[in-house]
Amino acid sequence: GPALPLPDGLPEPELNPNAEVVLERRYLRKDGHGTPYESPRELFWRVASVVAAQEQQYEQGRNPDELARQFYELMTSWTFLPNSPTLMNAGTELGQLAACFVLPVEDSMEGIFDAVKNAAMIHKSGGGTGFAFSRLRPSNACVGSTGGVASGPVSFMKIFNTATEQVKQGGTRRGANMAILRVDHPDVLQFISAKERENELNNFNLSVGLTERFMRAVEQDEEYALIAPHNGKTVQTLKAREVFNLLVRKAWESGDPGIVFLDRINRDNPTPELGEIESTNPCGEQPLLPFEACNLGSLNLGRFVLPGETANGGADLVDWERLRETVHLCVRFLDNVIDASRYPLQRITEMVAKTRKIGLGVMGWADMLYQLRLPYDSRRAVELAEKVMEFIRAEARSASKQLATERGPFPAYDNSLFGKQNLGPYRNATTTTVAPTGTLSIIAGCSSGVEPLFALSFTRNVMDNDTLTEANPYFEQALRDTGAYSEQLMREVARTGTIRDMDHLPEELRRVFVTAMDMEPLWHLNMQAAFQKYTDNAVSKTVNLPNEATQDHIRDIYWKAYELGCKGVTVYRSGCKSVQVLCTGEKQ
Ligand code: ADP
């Protein structure tokens, strides 16, 4: 439905300068000439009121006006934001509110091109798509009807890539895709090297789907079979270690492909009777069944720190009571988003209605640690990560149970893992996901997802060759508190991004204000694993490595990810590509 009229006295949101630019460019509704006809206040009210209006269809629904005000306050205090499509499309004709989709790719011309078309429609609506290409027959396999030979997954992926290139989302951003291929597919070697040339498959992230059988073969230095999916025949055997080493080498060279652990993902599949999970959304945090969609939302943890000094590793300064209330409100918000959303395909509408998955996650984690004076690369920070996420998941599930009593459980509940273990009933088959929050974190002015900061300060070029130095606010405050602040120092930090080697600064500051590049790479993974332990879906995290990192580092990280129960892992070695989106020190 349409948004409610703007009520009197609704406070104006306070925007940071970057948020202003991002909202204007991408989120505010625009007329045919590209001129915005809504203000940020109208945007957030549109979202709040449309999502709150869903209450009307439930007997025990809340008062939509009051709830809309609560949602408005929740978002404009930068405490929580729903994923970008919800901000862009709530209350619009399009009305597609989910960020994550997975589509099946069947082994037939019709199946492949159906998927291309469906992906285009999803991209147009602002969503990202994931595919498994594992069911396609390998290249050079016979095609019965024509007597020709098949092109194979990598070749077909190029068609998806080109189609994506041509579909602009609301004239602003291109779509994003994930391609997964099982490690036992005969074309796996070609897939692993598919992005070695720059700009090849640029609208795809690639991940190889590893199995536990494969990991055991690596461990025991054995061969494993490549099986053609269309006839189940073994085509060839390969030494598992050689394939694993190739994976490591390619990730070292270019960051692609990542890996996902399919068995691990499917152990957490809450509805196995509806099918097996073969793929995730583009950034890897949301495993989904074919034709499933999921909407995400992120809490800004930086807003849940009480003033004072911690006596017990930070937990005493987390505002647990407010976090509890907020989580309950967010779960209600995200469950309403499912009902408010219109999906581009009937099949998707049906699947979403069966499982009602939502993904509540966090951003601003590094900001929280800075305020608590806990170094990201410390045992205490990892322990706090577990506590925080355990709490969020428990409260999210309790909120989902509450909604189930008001509105009924998700329809696939009876045959789900929860149903069988008598754990429910829940309103949602999953409740938690940690997203990258690439744009959301800019709008909220916080650190992204559960990532450490890339640089404590950097220089941004603005109009007329002016430069603006932008520092992390908690870092700047800490410098002022200790009397170490100076313009000169800020310029210096903006150059390198880090204070690790600045001996003249207090030891504690240098220890607390660490950046992604300062720490031993394994800390990235320890943190990812800590959040994953209490996340239903998956955790978006890039293990950022310095340029000098070796292939052995990456091999260790992959093993550790497997051992610690992560669902996948992505590494990125600084400077391994000529164009880099994020970099320390001076950035555009
Ligand atoms: P945001 O901050 O814009 O809400 P995230 O960076 O948290 O988005 O990404 C969350 C998910 O949104 C991704 O995993 C992907 O499914 C989808 N997504 C992100 N960017 C795009 C894009 N350019 N096109 C389509 N989907 C996208």
# chains A, B, ... in the order shown; residues from 1 in each chain; ligands from 1
$ select_by_dssp --residues "region 96-312 of chain A" --states "strand (DSSP E or B)" --output "PyMOL selection string"
chain A and resi 100-103+128-132+142-143+148-149+168-169+173-174+177-182+204-210+223-227+234-239+258-261+279-280+287-288+293-300+305
$ residues_around --residues "Ile557 (chain A)" --least-positions-apart "5" --cutoff "12 Å" --atoms "only C-alpha atoms" --output "JSON, numbers by chain"
{"A": [248, 251, 252, 258, 259, 520, 521, 522, 523, 524, 525, 526, 528, 529, 542, 543, 544, 545, 549, 550, 551, 552, 562, 563, 564, 566, 568, 569, 570, 571, 572]}
$ select_by_dssp --residues "region 103-352 of chain A" --states "alpha helix (DSSP H)" --output "NGL selection string"
:A and (109-124 or 153-166 or 188-192 or 212-219 or 240-254 or 262-267 or 320-340 or 346-352)
$ residues_near_ligand --ligand "ligand 1" --cutoff "6 Å" --atoms "only C-alpha atoms and all ligand atoms" --output "list in words"
Asn83, Ser84, Ala99, Cys100, His123, Gly126, Gly127, Gly128, Arg173, Arg174, Gly175, Ala176, Asn281, Pro282, Cys283, Ala435, Pro436, Thr437, Gly438, Thr439 and Leu440 of chain A
$ closest_residue --among "A:Met75, A:Ala530, A:Ala132, A:Ala412" --to "Val388 (chain A)" --atoms "only C-alpha atoms"
A:Ala530
$ residues_around --residues "region 266-277 of chain A" --least-positions-apart "5" --cutoff "6 Å" --atoms "only C-alpha atoms" --output "list in words"
Leu288, Leu289, Ser416 and Leu417 of chain A
$ write_last_selection --atoms "C-alpha atoms" --output "short mmCIF file (atom, residue, chain, number, x, y, z; two decimals), in the first residue's frame"
data_model
loop_
_atom_site.label_atom_id
_atom_site.label_comp_id
_atom_site.auth_asym_id
_atom_site.auth_seq_id
_atom_site.Cartn_x
_atom_site.Cartn_y
_atom_site.Cartn_z
CA LEU A 288 18.83 -19.99 0.10
CA LEU A 289 16.82 -22.70 -1.61
CA SER A 416 11.19 -28.44 9.37
CA LEU A 417 14.08 -29.19 11.71
#
$ residues_around --residues "His230 (chain A)" --least-positions-apart "6" --cutoff "9 Å" --atoms "only C-alpha atoms" --output "list in words"
Asp107, Arg135, Leu136, Arg137 and Pro138 of chain A
$ write_last_selection --atoms "C-alpha atoms" --output "compact mmCIF listing (two decimals), in the first residue's frame"
# COMPACT_ATOMS: atom_id res chain seq x y z
CA ASP A 107 20.47 -28.43 -17.51
CA ARG A 135 23.61 -29.14 -12.56
CA LEU A 136 24.81 -28.14 -16.03
CA ARG A 137 26.49 -30.86 -18.06
CA PRO A 138 30.20 -30.23 -18.54
$ residues_around --residues "Leu456 (chain A)" --least-positions-apart "2" --cutoff "9 Å" --atoms "only C-alpha atoms" --output "list in words"
Leu453, Phe454, Phe458, Glu470, Ala471, Asn472, Phe475, Glu476, Val493, Ala494, Thr496, Gly497, Thr498, Ile499, Phe513, Val514, Thr515, Thr584 and Gly585 of chain A
$ write_last_selection --atoms "C-alpha atoms" --output "tab-separated table (two decimals), in the first residue's frame"
chain	number	residue	atom	x	y	z
A	453	LEU	CA	38.19	-0.32	9.89
A	454	PHE	CA	40.27	-0.08	6.77
A	458	PHE	CA	41.52	9.16	4.99
A	470	GLU	CA	37.63	12.20	7.40
A	471	ALA	CA	38.49	10.45	10.63
A	472	ASN	CA	36.68	7.78	12.57
A	475	PHE	CA	39.36	7.68	17.17
A	476	GLU	CA	39.23	11.47	16.96
A	493	VAL	CA	47.23	9.35	9.90
A	494	ALA	CA	45.31	10.13	6.72
A	496	THR	CA	48.99	5.80	6.19
A	497	GLY	CA	45.60	4.95	7.66
A	498	THR	CA	47.16	3.47	10.79
A	499	ILE	CA	48.88	4.57	14.01
A	513	PHE	CA	42.72	1.52	17.31
A	514	VAL	CA	43.84	-1.27	15.04
A	515	THR	CA	42.88	-1.50	11.38
A	584	THR	CA	44.21	2.77	3.06
A	585	GLY	CA	45.51	6.27	3.20
$ residues_around --residues "Tyr224 (chain A)" --least-positions-apart "5" --cutoff "12 Å" --atoms "only C-alpha atoms" --output "number ranges by chain"
A: 183-186, 211-219, 234-244
$ closest_residue --among "A:Pro257, A:Gly575, A:Gly130, A:Pro5" --to "Pro546 (chain A)" --atoms "only C-alpha atoms"
A:Gly575
$ residues_around --residues "Phe160 (chain A)" --least-positions-apart "2" --cutoff "12 Å" --atoms "only C-alpha atoms" --output "VMD selection string"
chain A and resid 105 112 to 120 123 129 to 131 133 153 to 158 162 to 167 175 to 179 201 to 204
